[in-house]
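Asker: Take a look at the following structure, please.
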Amino acid sequence: MSEVRLSVEPRTEFGKGAARRTRRAGKIPAVLYGHGSDPRHFALPAIEFARVVRENGSNAVITLDLEGSSELALTKTIVVHPLKNYIEHVDLLVVKRGEKVTVDVPVVVSGTPGPGGLVNQDVDTLQVEVEALHIPEQVEVSIEGLEVGTQILAGQVQLPQGATLVTDPESLVVSVNEPQREEADDEAEAGEESAEAAE
């Protein structure tokens, strides 16, 4: 993951009105916390931060230039407006080089199962512990040619070097199932109709 730098401005005003003014100015209200330090409030440049998330994923690690000092931070929480789809607020966590962090990494399923197989993905992310500057953007699970009845558990997913699984290894990630037959549905409907007729 490439290192990203953002210049940020301290925030001295708080509350909804102040947050609205910050967003109107093209910035995102944000809080930086962790490592026993007091939370620090600042404004992120909205367009640049959105680009960082687009290019590096929601676990982006950013070097923040704040009032002459720089701080390494992990994107922890991004609050997006439910209707207007803009970023309302960001929580960032102070991290140190070489430090391990626990993050949720997206699971991407690739390939095509064997004949007649229907793929069901049970989880979208796996929680892993990994060095802060080596967070994978995603974990790939291949279902290429897998037969009906195959299940892939979290413990069977190959993780990038240096990453340790935190999610329960017995958690079901992907399964290849037999499609429900239409005749079975027709029979069930016919059974319901005859039961209604009997009433």
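By convention in this document, the chains of the structure tokens carry letters A, B, ... by their order, each chain's residues are numbered from 1, and ligands are numbered from 1 in the order they are shown.
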Got a sec: who's within 8 Å of A:Leu93, counting only C-alpha atoms, leaving out chain neighbours fewer than 6 positions off, as a VMD selection string?
Answerer: chain A and resid 32 to 34 73 to 76
Asker: Which residues come within 12 Å of A:Gly162, counting only C-alpha atoms, excluding same-chain residues fewer than 5 positions away, as a ChimeraX atom specification?
Answerer: /A:98-101,128-136
Asker: Any chance you could export the current selection's all heavy atoms as a JSON list (two decimals), in the first residue's frame?
Answerer:
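New file again20.json:
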[["chain", "number", "residue", "atom", "x", "y", "z"],
["A", 98, "GLY", "N", 5.49, -0.53, 12.05],
["A", 98, "GLY", "CA", 5.81, -1.83, 12.63],
["A", 98, "GLY", "C", 4.74, -2.35, 13.58],
["A", 98, "GLY", "O", 4.75, -3.51, 13.96],
["A", 99, "GLU", "N", 3.79, -1.48, 13.95],
["A", 99, "GLU", "CA", 2.72, -1.88, 14.87],
["A", 99, "GLU", "C", 1.69, -2.73, 14.14],
["A", 99, "GLU", "O", 1.39, -2.50, 12.97],
["A", 99, "GLU", "CB", 2.04, -0.62, 15.42],
["A", 99, "GLU", "CG", 0.86, -0.92, 16.32],
["A", 99, "GLU", "CD", 0.11, 0.34, 16.74],
["A", 99, "GLU", "OE1", 0.44, 1.43, 16.25],
["A", 99, "GLU", "OE2", -0.82, 0.22, 17.54],
["A", 100, "LYS", "N", 1.13, -3.73, 14.86],
["A", 100, "LYS", "CA", 0.07, -4.55, 14.27],
["A", 100, "LYS", "C", -1.29, -3.97, 14.64],
["A", 100, "LYS", "O", -1.48, -3.48, 15.76],
["A", 100, "LYS", "CB", 0.18, -6.00, 14.74],
["A", 100, "LYS", "CG", 1.41, -6.70, 14.17],
["A", 100, "LYS", "CD", 1.19, -8.19, 14.02],
["A", 100, "LYS", "CE", 2.22, -8.81, 13.11],
["A", 100, "LYS", "NZ", 1.94, -10.20, 12.81],
["A", 101, "VAL", "N", -2.21, -4.01, 13.68],
["A", 101, "VAL", "CA", -3.57, -3.51, 13.91],
["A", 101, "VAL", "C", -4.56, -4.59, 13.48],
["A", 101, "VAL", "O", -4.24, -5.48, 12.70],
["A", 101, "VAL", "CB", -3.84, -2.21, 13.10],
["A", 101, "VAL", "CG1", -3.00, -1.07, 13.63],
["A", 101, "VAL", "CG2", -3.58, -2.42, 11.61],
["A", 128, "VAL", "N", -8.58, -9.51, 10.38],
["A", 128, "VAL", "CA", -7.20, -10.00, 10.45],
["A", 128, "VAL", "C", -6.35, -9.03, 11.27],
["A", 128, "VAL", "O", -6.67, -7.86, 11.39],
["A", 128, "VAL", "CB", -6.56, -10.20, 9.05],
["A", 128, "VAL", "CG1", -7.35, -11.19, 8.22],
["A", 128, "VAL", "CG2", -6.42, -8.87, 8.31],
["A", 129, "GLU", "N", -5.26, -9.58, 11.82],
["A", 129, "GLU", "CA", -4.26, -8.74, 12.48],
["A", 129, "GLU", "C", -3.07, -8.66, 11.54],
["A", 129, "GLU", "O", -2.59, -9.69, 11.05],
["A", 129, "GLU", "CB", -3.85, -9.35, 13.83],
["A", 129, "GLU", "CG", -2.94, -8.42, 14.63],
["A", 129, "GLU", "CD", -2.45, -9.08, 15.91],
["A", 129, "GLU", "OE1", -1.83, -10.16, 15.84],
["A", 129, "GLU", "OE2", -2.68, -8.48, 16.97],
["A", 130, "VAL", "N", -2.61, -7.45, 11.28],
["A", 130, "VAL", "CA", -1.57, -7.26, 10.27],
["A", 130, "VAL", "C", -0.80, -5.99, 10.56],
["A", 130, "VAL", "O", -1.31, -5.09, 11.25],
["A", 130, "VAL", "CB", -2.22, -7.23, 8.85],
["A", 130, "VAL", "CG1", -3.12, -6.03, 8.68],
["A", 130, "VAL", "CG2", -1.20, -7.31, 7.75],
["A", 131, "GLU", "N", 0.43, -5.92, 10.07],
["A", 131, "GLU", "CA", 1.25, -4.72, 10.27],
["A", 131, "GLU", "C", 0.58, -3.53, 9.59],
["A", 131, "GLU", "O", 0.08, -3.64, 8.47],
["A", 131, "GLU", "CB", 2.65, -4.98, 9.69],
["A", 131, "GLU", "CG", 3.72, -4.15, 10.34],
["A", 131, "GLU", "CD", 4.10, -2.96, 9.49],
["A", 131, "GLU", "OE1", 4.53, -3.16, 8.35],
["A", 131, "GLU", "OE2", 3.92, -1.83, 9.97],
["A", 132, "ALA", "N", 0.55, -2.40, 10.28],
["A", 132, "ALA", "CA", -0.24, -1.23, 9.84],
["A", 132, "ALA", "C", 0.09, -0.78, 8.42],
["A", 132, "ALA", "O", -0.80, -0.31, 7.70],
["A", 132, "ALA", "CB", -0.05, -0.07, 10.81],
["A", 133, "LEU", "N", 1.33, -0.90, 7.98],
["A", 133, "LEU", "CA", 1.69, -0.43, 6.64],
["A", 133, "LEU", "C", 1.60, -1.52, 5.58],
["A", 133, "LEU", "O", 1.97, -1.32, 4.43],
["A", 133, "LEU", "CB", 3.10, 0.18, 6.65],
["A", 133, "LEU", "CG", 3.23, 1.50, 7.41],
["A", 133, "LEU", "CD1", 4.65, 2.01, 7.36],
["A", 133, "LEU", "CD2", 2.27, 2.56, 6.88],
["A", 134, "HIS", "N", 1.08, -2.69, 5.97],
["A", 134, "HIS", "CA", 0.95, -3.80, 5.00],
["A", 134, "HIS", "C", -0.45, -4.39, 5.02],
["A", 134, "HIS", "O", -0.63, -5.60, 4.91],
["A", 134, "HIS", "CB", 2.00, -4.88, 5.27],
["A", 134, "HIS", "CG", 3.40, -4.40, 5.04],
["A", 134, "HIS", "ND1", 4.19, -3.93, 6.05],
["A", 134, "HIS", "CD2", 4.13, -4.29, 3.90],
["A", 134, "HIS", "CE1", 5.36, -3.55, 5.56],
["A", 134, "HIS", "NE2", 5.34, -3.75, 4.25],
["A", 135, "ILE", "N", -1.46, -3.53, 5.16],
["A", 135, "ILE", "CA", -2.85, -4.01, 5.18],
["A", 135, "ILE", "C", -3.27, -4.37, 3.76],
["A", 135, "ILE", "O", -3.18, -3.55, 2.85],
["A", 135, "ILE", "CB", -3.80, -2.92, 5.75],
["A", 135, "ILE", "CG1", -3.40, -2.59, 7.19],
["A", 135, "ILE", "CG2", -5.25, -3.39, 5.69],
["A", 135, "ILE", "CD1", -4.12, -1.39, 7.76],
["A", 136, "PRO", "N", -3.72, -5.63, 3.54],
["A", 136, "PRO", "CA", -4.15, -5.99, 2.18],
["A", 136, "PRO", "C", -5.46, -5.29, 1.82],
["A", 136, "PRO", "O", -6.30, -5.06, 2.69],
["A", 136, "PRO", "CB", -4.36, -7.51, 2.27],
["A", 136, "PRO", "CG", -4.57, -7.79, 3.72],
["A", 136, "PRO", "CD", -3.84, -6.73, 4.49]]
Asker: Considering only C-alpha atoms, can you say which of A:Val105, A:Leu126, A:Ile87, A:Leu6 comes closest to A:Glu71?
Answerer: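 Using only C-alpha atoms, A:Glu71 sits closest to A:Leu6.
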Asker: Got a sec to tell me which of stretch 50-180 of chain A DSSP assigns to strand (DSSP E), as an MDAnalysis selection string?
Answerer: chainID A and resid 61:66 69:80 87:94 100:110 118:121 125:131 139:142 151:153 164:165 172:177
Asker: Please provide the set of residues having any atom within 6 Å of A:Ser142, restricted to only C-alpha atoms, with same-chain residues fewer than 2 positions apart removed, written as a list in words.
Answerer: Val109, Ser110, Gly111 and Glu144 of chain A
Asker: Write out as an mmCIF file with C-alpha atoms, in the first residue's frame the residues lying within 12 Å of A:Asp168, counting only C-alpha atoms and excluding same-chain residues fewer than 5 positions away.
Answerer:
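Listed below is the output, selection.cif:
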data_model
loop_
_atom_site.group_PDB
_atom_site.id
_atom_site.type_symbol
_atom_site.label_atom_id
_atom_site.label_comp_id
_atom_site.auth_asym_id
_atom_site.auth_seq_id
_atom_site.Cartn_x
_atom_site.Cartn_y
_atom_site.Cartn_z
ATOM 1 C CA VAL A 123 -19.320 -13.106 4.887
ATOM 2 C CA LEU A 126 -12.535 -11.236 7.396
ATOM 3 C CA GLN A 127 -10.989 -9.707 10.490
ATOM 4 C CA VAL A 128 -7.202 -10.001 10.454
ATOM 5 C CA LEU A 153 -14.210 -21.843 6.128
ATOM 6 C CA ALA A 154 -12.336 -18.757 7.325
ATOM 7 C CA GLY A 155 -9.449 -20.934 8.528
ATOM 8 C CA GLN A 156 -8.989 -22.323 4.986
ATOM 9 C CA VAL A 157 -8.632 -18.915 3.316
ATOM 10 C CA VAL A 173 -17.120 -17.888 4.087
#
Asker: For stretch 87-174 of chain A versus stretch 43-51 of chain A, which residues have an atom no more than 12 Å away, and what is each residue's nearest atom pair and distance in Å rounded to one decimal, using only C-alpha atoms, chain-then-number order, as a tab-separated table?
Answerer:
residue	atom	partner	partner_atom	distance
A:Ile87	CA	A:Ala46	CA	7.9
A:Glu88	CA	A:Ala46	CA	9.8
A:His89	CA	A:Ala43	CA	9.4
A:Val90	CA	A:Leu44	CA	8.6
A:Asp91	CA	A:Leu44	CA	10.9
A:Leu92	CA	A:Leu44	CA	10.9
